[in-house]
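Colleague: This is the structure I have questions about; it appears just below.
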Amino acid sequence: MLNGLIHRIGLSPKLMLGYAGVLVFMMGEGLEQGWLSPYLIGKGLTIQESALLFSVYGFAAAIAAWFSGVLAEIFTARRVMLAGLLLFLLGSVCFLVWGLPSNNLSVMIPTYALRGLGYPLFAYGFLVWVAYEAPPERLGSAVGIFWFVYSGGLSVLGVLYSSIMLPFLGEIHTLWSALIFVVLGAMIALMLNRTPGHTEVGDKQKASLSYVLKGITIAFENPKIGLGGIVRTINTSAAYGFVVFMPMYMMDLGFSRTDWLQMYAALWTVNIIFNLIFGVISDGLGWRNVVMWFGCVGCAITTLMFYYVPYFLGPNFMLTVVAAGLFGACLAAFVPLSAIMPMLAPENKGAAMSILNLGAGLSTFVGPAVVGLFIGSLGSSGVIWIFTGLYLFSGVLMKYVTLPKAVPAAVEENHHSLA
């Protein structure tokens with residue numbers, strides 16, 4: 001039955017094995033997501049110091065994500081993924097042996113940042129692998145599955161594992177246990193998975209500083225790729241901005257902190273499911289159409305719903321959870337961007353994916369920055385309307401991110417039929 005499903009999706013069993021490896025790897029990467037900051041604050045760090053630690057970690061991850069595409073194209077995805085594994089292990093060991101016990105930011109920041117360099121090279125290196133190995137007419141489904149396993153490991157299974165094991169292992173041993181998942185996931189994706197093709201050969205002719213810089217310059221050489229990068233930045237910016245002010249807003253309306261956490265969990269659970277759904281249906285409806293209408297316009301509408309449903313209807317938990325889930329679903333409709341971007345530059349797929357990955361990293365800064373800059377003067381409602389406006393703006397940008405004629409006929413026909 002599993003082989004039949006794989007055959008229907010149209011992806012090779014070896015590529016599916018890689019997805020399994022990414023899922024297990026991201027479990028290890030994300031298991032401290034929900035509790036490390038409160039733990040560090042409990043140990044004596046201030047909120048600002050904890051925020052600085054995670055900001056630098058995010059910056060390191062954004063840089064690694066940015067260059068993962070071009071490095072994978074030069075040195076092969078497999079080698080970049082292996083480098084990501086080694087950096088993650090080195091950073092984790094240094095952080096746990098020296099950084100965390102010191103409770104000193106000057107030691108904690110560089111060791112934790114080293115860890116942050118690792119996982120994007122592994123995960124986004126594999127995404128470049130997908131861009132090369134998946135059949136073009138199934139690329140929407142292929143990237144949808146990638147984001148399903150990426151988010152499922154990071155935001156669901158890793159957090160679930162921590163919630164179960166923390167009472168038994170404690171914080172330090174739980175962090176050490178992350179390395180088991182990371183190594184196991186890497187073994188599945190790399191050691192058991194020998195896929196011939198570009199992932200094994202690479203392109204040594206591109207091994208130059210000028211091509212590494214292609215991960216920057218391609219956005220100007222091909223403006224459509226630059227526009228796609230901006231759209232990807234806007235994609236999750238509101239989600240990262242919400243965590244800064246929405247908990248207080250919801251509690252002011254009468255919800256409890258537990259209510260808010262359950263709303264946020266519902267948002268991401270629905271998002272993970274729809275990462276897969278929108279990836280598959282985009283191969284039929286057209287990649288750009290799904291991003292533009294379900295993603296950009298959908299997120300503009302559901303951002304307002306998430307804010308105003310409890311504002312006008314009071315602390316109605318179920319209706320607010322539905323609004324949160326609808327936002328999470330529309331957030332997933334940006335998944336086909338991962339199929340569009342490499343098709344915009346068939347000869348430089350890695351560089352195009354680097355711009356996409358940079359957008360993913362920058363969204364972690366743009367969202368909180370919008371909140372920090374405008375909530376004092378415009379209030380929470382003003383911030384919501386700014387995010388709404390950004391989503392509508394991204395929809396306008398997507399109108400100009402047209403696919404080249406070289407795109408497979410089926411995709412191109414669907415693309416034009418709904419545009």
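For the structure tokens, the naming scheme is as follows: chains receive sequential letters (A, B, ...) according to their order of presentation, residues are indexed from 1 within each chain, and ligands are indexed from 1 in presentation order.
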Contacts of Ile230 in chain A at 12 Å or less, counting only C-alpha atoms, minus same-chain residues fewer than 5 places along, as an NGL selection string?

Modeller: :A and (219 or 223-225 or 235-237 or 337 or 341 or 355-363 or 366 or 390-391 or 393-398 or 401)

Colleague: Might you pull out every residue within 12 Å of Thr269 in chain A, with only C-alpha atoms counted and same-chain residues fewer than 6 positions away left off, and present them as a count of residues only?

Modeller: 22

Colleague: Let me make sure I understand: among A:Leu184, A:Ala83, A:Ile234, A:Ala339, which one has the smallest atom-to-atom distance to Ser68 in chain A if we use only C-alpha atoms?

Modeller: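 Looking at the shortest contact to Ser68 in chain A, the residue is A:Ala83.
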
Colleague: For Val370 in chain A, please output as number ranges by chain all residues within 9 Å (counting only C-alpha atoms; exclusion window: fewer than 4 positions along the same chain).

Modeller: A: 237-238, 241, 365-366, 374-375, 383, 386-387

Colleague: Store the residues picked out above in a file with N, CA and C atoms, as a compact mmCIF listing (two decimals), in the first residue's frame.

Modeller:
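again08.txt was written with the following content:
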# COMPACT_ATOMS: atom_id res chain seq x y z
N SER A 237 6.00 36.26 8.23
CA SER A 237 6.34 37.38 9.11
C SER A 237 5.26 37.63 10.16
N ALA A 238 3.99 37.55 9.75
CA ALA A 238 2.92 37.79 10.73
C ALA A 238 2.91 36.71 11.81
N GLY A 241 5.45 37.57 14.19
CA GLY A 241 5.07 38.80 14.90
C GLY A 241 3.97 38.56 15.92
N PHE A 365 12.82 37.99 11.43
CA PHE A 365 13.18 39.33 11.91
C PHE A 365 12.11 40.35 11.56
N VAL A 366 11.54 40.25 10.36
CA VAL A 366 10.59 41.26 9.89
C VAL A 366 9.34 41.29 10.77
N PHE A 374 5.83 49.63 15.38
CA PHE A 374 4.53 50.29 15.20
C PHE A 374 3.52 50.07 16.32
N ILE A 375 3.74 49.10 17.22
CA ILE A 375 2.69 48.84 18.21
C ILE A 375 2.55 50.00 19.19
N VAL A 383 -1.03 47.21 13.92
CA VAL A 383 -0.06 46.19 13.49
C VAL A 383 -0.77 45.13 12.64
N ILE A 386 -1.24 46.41 9.22
CA ILE A 386 0.03 46.43 8.47
C ILE A 386 0.32 45.05 7.90
N PHE A 387 0.17 44.01 8.72
CA PHE A 387 0.38 42.65 8.22
C PHE A 387 -0.60 42.32 7.09

Colleague: Enumerate as a PyMOL selection string all residues of range 102-197 of chain A assigned to alpha helix (DSSP H) by DSSP on the backbone, naming them with the chain letters and numbers the document uses.

Modeller: chain A and resi 102+105-133+139-151+158-186

Colleague: Expressed in Å to a single decimal, how great is the separation between CA of Leu313 in chain A and CA of Asn271 in chain A?

Modeller: 24.3 Å

Colleague: Find the residue from A:Gly140, A:Gly228, A:Gly350, A:Gly298 that sits nearest to Val335 in chain A; use only C-alpha atoms when measuring.

Modeller: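 Between A:Gly140, A:Gly228, A:Gly350, A:Gly298, the residue approaching Val335 in chain A most closely is A:Gly140.
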
Colleague: Name the residues in contact with Ala345 in chain A at a cut-off of 10 Å, using only C-alpha atoms, excluding same-chain residues fewer than 6 positions from it; report them as a PDB file with N, CA and C atoms, in the first residue's frame.

Modeller:
ATOM      1  N   ILE A 218      21.577  36.967  -8.092  1.00  0.00           N
ATOM      2  CA  ILE A 218      20.525  36.436  -8.957  1.00  0.00           C
ATOM      3  C   ILE A 218      19.193  37.148  -8.734  1.00  0.00           C
ATOM      4  N   ASN A 222      17.594  38.451 -12.119  1.00  0.00           N
ATOM      5  CA  ASN A 222      16.282  37.920 -12.455  1.00  0.00           C
ATOM      6  C   ASN A 222      15.287  38.490 -11.439  1.00  0.00           C
ATOM      7  N   LYS A 224      12.212  38.483 -11.048  1.00  0.00           N
ATOM      8  CA  LYS A 224      11.132  37.615 -10.564  1.00  0.00           C
ATOM      9  C   LYS A 224      11.576  36.822  -9.342  1.00  0.00           C
ATOM     10  N   ILE A 225      12.841  36.416  -9.317  1.00  0.00           N
ATOM     11  CA  ILE A 225      13.366  35.698  -8.155  1.00  0.00           C
ATOM     12  C   ILE A 225      13.437  36.630  -6.951  1.00  0.00           C
ATOM     13  N   ALA A 351      21.012  28.736  -6.592  1.00  0.00           N
ATOM     14  CA  ALA A 351      21.032  30.166  -6.281  1.00  0.00           C
ATOM     15  C   ALA A 351      19.620  30.691  -6.066  1.00  0.00           C
ATOM     16  N   ALA A 352      18.669  30.218  -6.889  1.00  0.00           N
ATOM     17  CA  ALA A 352      17.278  30.644  -6.724  1.00  0.00           C
ATOM     18  C   ALA A 352      16.727  30.181  -5.380  1.00  0.00           C
ATOM     19  N   MET A 353      17.058  28.953  -4.989  1.00  0.00           N
ATOM     20  CA  MET A 353      16.595  28.442  -3.697  1.00  0.00           C
ATOM     21  C   MET A 353      17.247  29.191  -2.543  1.00  0.00           C
ATOM     22  N   LEU A 403       5.675  32.130 -14.637  1.00  0.00           N
ATOM     23  CA  LEU A 403       6.533  30.981 -14.931  1.00  0.00           C
ATOM     24  C   LEU A 403       7.038  31.038 -16.367  1.00  0.00           C
ATOM     25  N   PRO A 404       8.260  30.586 -16.605  1.00  0.00           N
ATOM     26  CA  PRO A 404       8.806  30.584 -17.962  1.00  0.00           C
ATOM     27  C   PRO A 404       8.143  29.532 -18.834  1.00  0.00           C
TER      28      PRO A 404
END

Colleague: Write out as JSON lines the residues of range 55-99 of chain A that have any atom within 9 Å of an atom of range 165-183 of chain A, one row each with the nearest atom pair and its distance in Å to one decimal, counting only C-alpha atoms, sorted by chain and then rising number.

Modeller:
{"residue": "A:Leu85", "atom": "CA", "partner": "A:Val182", "partner_atom": "CA", "distance": 7.5}
{"residue": "A:Phe88", "atom": "CA", "partner": "A:Val182", "partner_atom": "CA", "distance": 8.5}
{"residue": "A:Leu89", "atom": "CA", "partner": "A:Leu179", "partner_atom": "CA", "distance": 7.0}
{"residue": "A:Ser92", "atom": "CA", "partner": "A:Leu179", "partner_atom": "CA", "distance": 8.0}
{"residue": "A:Val93", "atom": "CA", "partner": "A:Trp176", "partner_atom": "CA", "distance": 8.2}
{"residue": "A:Leu96", "atom": "CA", "partner": "A:Ile172", "partner_atom": "CA", "distance": 7.6}

Colleague: Please produce a file of the residues just selected, as a CSV table (one decimal), in the first residue's frame, where the atoms kept are all heavy atoms.

Modeller:
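In the end it all went to part_25.csv:
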chain,number,residue,atom,x,y,z
A,85,LEU,N,25.2,18.5,9.5
A,85,LEU,CA,25.1,17.6,10.6
A,85,LEU,C,26.3,17.8,11.5
A,85,LEU,O,26.2,17.9,12.8
A,85,LEU,CB,25.2,16.2,10.1
A,85,LEU,CG,25.4,15.1,11.1
A,85,LEU,CD1,24.3,15.0,12.1
A,85,LEU,CD2,25.7,13.7,10.4
A,88,PHE,N,26.0,21.1,13.5
A,88,PHE,CA,25.0,21.0,14.5
A,88,PHE,C,25.5,20.2,15.7
A,88,PHE,O,25.3,20.6,16.9
A,88,PHE,CB,23.8,20.3,14.0
A,88,PHE,CG,22.6,20.3,14.9
A,88,PHE,CD1,21.7,21.4,14.9
A,88,PHE,CD2,22.4,19.3,15.9
A,88,PHE,CE1,20.6,21.4,15.7
A,88,PHE,CE2,21.3,19.3,16.7
A,88,PHE,CZ,20.4,20.4,16.7
A,89,LEU,N,26.2,19.1,15.5
A,89,LEU,CA,26.8,18.3,16.6
A,89,LEU,C,27.8,19.0,17.3
A,89,LEU,O,27.9,19.1,18.6
A,89,LEU,CB,27.4,17.0,16.0
A,89,LEU,CG,26.4,16.0,15.4
A,89,LEU,CD1,27.1,14.8,14.8
A,89,LEU,CD2,25.4,15.5,16.5
A,92,SER,N,26.2,21.8,19.3
A,92,SER,CA,25.4,21.3,20.5
A,92,SER,C,26.3,20.9,21.6
A,92,SER,O,26.1,21.2,22.8
A,92,SER,CB,24.6,20.1,20.0
A,92,SER,OG,23.6,20.5,19.0
A,93,VAL,N,27.4,20.2,21.3
A,93,VAL,CA,28.3,19.7,22.3
A,93,VAL,C,29.0,20.9,23.0
A,93,VAL,O,29.1,20.9,24.2
A,93,VAL,CB,29.4,18.8,21.7
A,93,VAL,CG1,30.5,18.4,22.7
A,93,VAL,CG2,28.7,17.5,21.2
A,96,LEU,N,26.4,22.6,25.3
A,96,LEU,CA,26.0,21.8,26.5
A,96,LEU,C,27.2,21.7,27.4
A,96,LEU,O,27.0,21.6,28.6
A,96,LEU,CB,25.5,20.4,26.0
A,96,LEU,CG,24.1,20.5,25.4
A,96,LEU,CD1,23.8,19.1,24.7
A,96,LEU,CD2,23.0,20.9,26.3

Colleague: With only C-alpha atoms as the atoms that count, which of A:Val143, A:Cys296, A:Ala266, A:Met187 lies nearest to Ile340 in chain A?

Modeller: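 Using only C-alpha atoms, the shortest distance to Ile340 in chain A belongs to A:Val143.
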
Colleague: To one decimal place, how far is CA of Tyr124 in chain A from CA of Leu261 in chain A in Å?

Modeller: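 Between CA of Tyr124 in chain A and CA of Leu261 in chain A the gap works out to 28.3 Å.
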
Colleague: Kindly indicate which residue among A:Met318, A:Met81, A:Leu23, A:Met292 lies nearest to Val149 in chain A, using only C-alpha atoms for the distances.

Modeller: A:Leu23

Colleague: Taking only C-alpha atoms into account, which of A:Leu31, A:Leu17, A:Val22, A:Ala323 comes nearest Gly158 in chain A?

Modeller: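 When distances to Gly158 in chain A are compared using only C-alpha atoms, the smallest one comes from A:Leu31.
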
Colleague: Within 9 Å of Val309 in chain A, counting only C-alpha atoms, which residues qualify if same-chain residues fewer than 6 places away don't, as a PyMOL selection string?

Modeller: chain A and resi 315-316+319-320+323

Colleague: List the neighbours of Ile277 in chain A out to 8 Å using only C-alpha atoms; skip same-chain residues closer than 4 positions along the sequence, and give me the result as a list of chain:residue names.

Modeller: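 Skipping anything fewer than 4 positions along the chain leaves A:Gly144, A:Ile273, A:Ile281.
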
Colleague: Dump N, CA, C and O atoms for the selected residues as a PDB file, in the first residue's frame?

Modeller:
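Output (result.pdb):
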ATOM      1  N   GLY A 144       5.737  20.235  -0.996  1.00  0.00           N
ATOM      2  CA  GLY A 144       4.718  20.170   0.055  1.00  0.00           C
ATOM      3  C   GLY A 144       5.044  19.104   1.084  1.00  0.00           C
ATOM      4  O   GLY A 144       4.895  19.317   2.287  1.00  0.00           O
ATOM      5  N   ILE A 273      -0.660  20.121   8.190  1.00  0.00           N
ATOM      6  CA  ILE A 273      -1.509  19.282   7.340  1.00  0.00           C
ATOM      7  C   ILE A 273      -1.672  19.909   5.957  1.00  0.00           C
ATOM      8  O   ILE A 273      -1.558  19.245   4.923  1.00  0.00           O
ATOM      9  N   ILE A 281      -2.347  19.834  -4.371  1.00  0.00           N
ATOM     10  CA  ILE A 281      -3.366  20.425  -5.248  1.00  0.00           C
ATOM     11  C   ILE A 281      -2.788  21.526  -6.126  1.00  0.00           C
ATOM     12  O   ILE A 281      -3.359  21.842  -7.176  1.00  0.00           O
TER      13      ILE A 281
END

Colleague: Would you compute the distance between CA of Gly116 in chain A and CA of Phe274 in chain A? Give it in Å to one decimal.

Modeller: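 Between these atoms lies a distance of 26.7 Å.
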
Colleague: Pick out the residues sitting within 7 Å of Asp283 in chain A, and hand them over as an MDAnalysis selection string; count only C-alpha atoms, and ignore anything fewer than 3 positions along from it in its own chain.

Modeller: chainID A and resid 137:138 140:141 280 286:287 411

Colleague: Would you mind exporting the chosen residues as a CSV table (one decimal), in the first residue's frame, restricted to all heavy atoms?

Modeller:
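Below you can see part-v3.csv, which holds the result:
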chain,number,residue,atom,x,y,z
A,137,GLU,N,6.7,18.0,-13.1
A,137,GLU,CA,5.3,18.1,-13.0
A,137,GLU,C,4.8,17.7,-11.6
A,137,GLU,O,3.6,17.9,-11.3
A,137,GLU,CB,4.6,17.2,-14.0
A,137,GLU,CG,4.8,15.7,-13.9
A,137,GLU,CD,6.2,15.2,-14.4
A,137,GLU,OE1,7.0,16.1,-14.8
A,137,GLU,OE2,6.4,14.0,-14.5
A,138,ARG,N,5.6,17.1,-10.7
A,138,ARG,CA,5.3,16.8,-9.3
A,138,ARG,C,6.0,17.6,-8.3
A,138,ARG,O,6.0,17.3,-7.1
A,138,ARG,CB,5.5,15.3,-9.1
A,138,ARG,CG,4.6,14.4,-9.9
A,138,ARG,CD,3.2,14.4,-9.3
A,138,ARG,NE,2.3,13.6,-10.0
A,138,ARG,CZ,1.5,14.0,-11.0
A,138,ARG,NH1,1.5,15.3,-11.3
A,138,ARG,NH2,0.6,13.2,-11.6
A,140,GLY,N,5.4,20.5,-7.0
A,140,GLY,CA,4.6,21.1,-6.0
A,140,GLY,C,4.3,20.1,-4.9
A,140,GLY,O,4.4,20.5,-3.7
A,141,SER,N,4.0,18.9,-5.2
A,141,SER,CA,3.7,17.8,-4.3
A,141,SER,C,5.0,17.6,-3.5
A,141,SER,O,5.0,17.4,-2.2
A,141,SER,CB,3.3,16.6,-4.9
A,141,SER,OG,2.1,16.8,-5.7
A,280,VAL,N,0.1,19.3,-3.0
A,280,VAL,CA,-0.4,18.3,-4.0
A,280,VAL,C,-1.4,19.0,-4.9
A,280,VAL,O,-1.3,18.9,-6.1
A,280,VAL,CB,-1.1,17.2,-3.2
A,280,VAL,CG1,-1.9,16.3,-4.2
A,280,VAL,CG2,-0.1,16.4,-2.5
A,286,GLY,N,-2.3,25.0,-10.3
A,286,GLY,CA,-1.3,26.0,-10.8
A,286,GLY,C,-0.6,26.6,-9.5
A,286,GLY,O,-1.2,27.0,-8.6
A,287,TRP,N,0.8,26.5,-9.5
A,287,TRP,CA,1.5,27.0,-8.4
A,287,TRP,C,1.3,28.4,-8.0
A,287,TRP,O,1.0,28.8,-6.9
A,287,TRP,CB,3.0,26.8,-8.6
A,287,TRP,CG,3.4,25.3,-8.9
A,287,TRP,CD1,2.8,24.2,-8.5
A,287,TRP,CD2,4.5,24.9,-9.7
A,287,TRP,NE1,3.4,23.1,-9.0
A,287,TRP,CE2,4.5,23.5,-9.7
A,287,TRP,CE3,5.6,25.5,-10.4
A,287,TRP,CZ2,5.4,22.7,-10.3
A,287,TRP,CZ3,6.5,24.8,-11.0
A,287,TRP,CH2,6.5,23.4,-11.0
A,411,VAL,N,1.6,21.9,-16.0
A,411,VAL,CA,1.7,22.9,-15.0
A,411,VAL,C,1.4,24.3,-15.6
A,411,VAL,O,0.7,25.1,-15.1
A,411,VAL,CB,3.1,22.9,-14.3
A,411,VAL,CG1,3.3,24.1,-13.4
A,411,VAL,CG2,3.4,21.6,-13.6
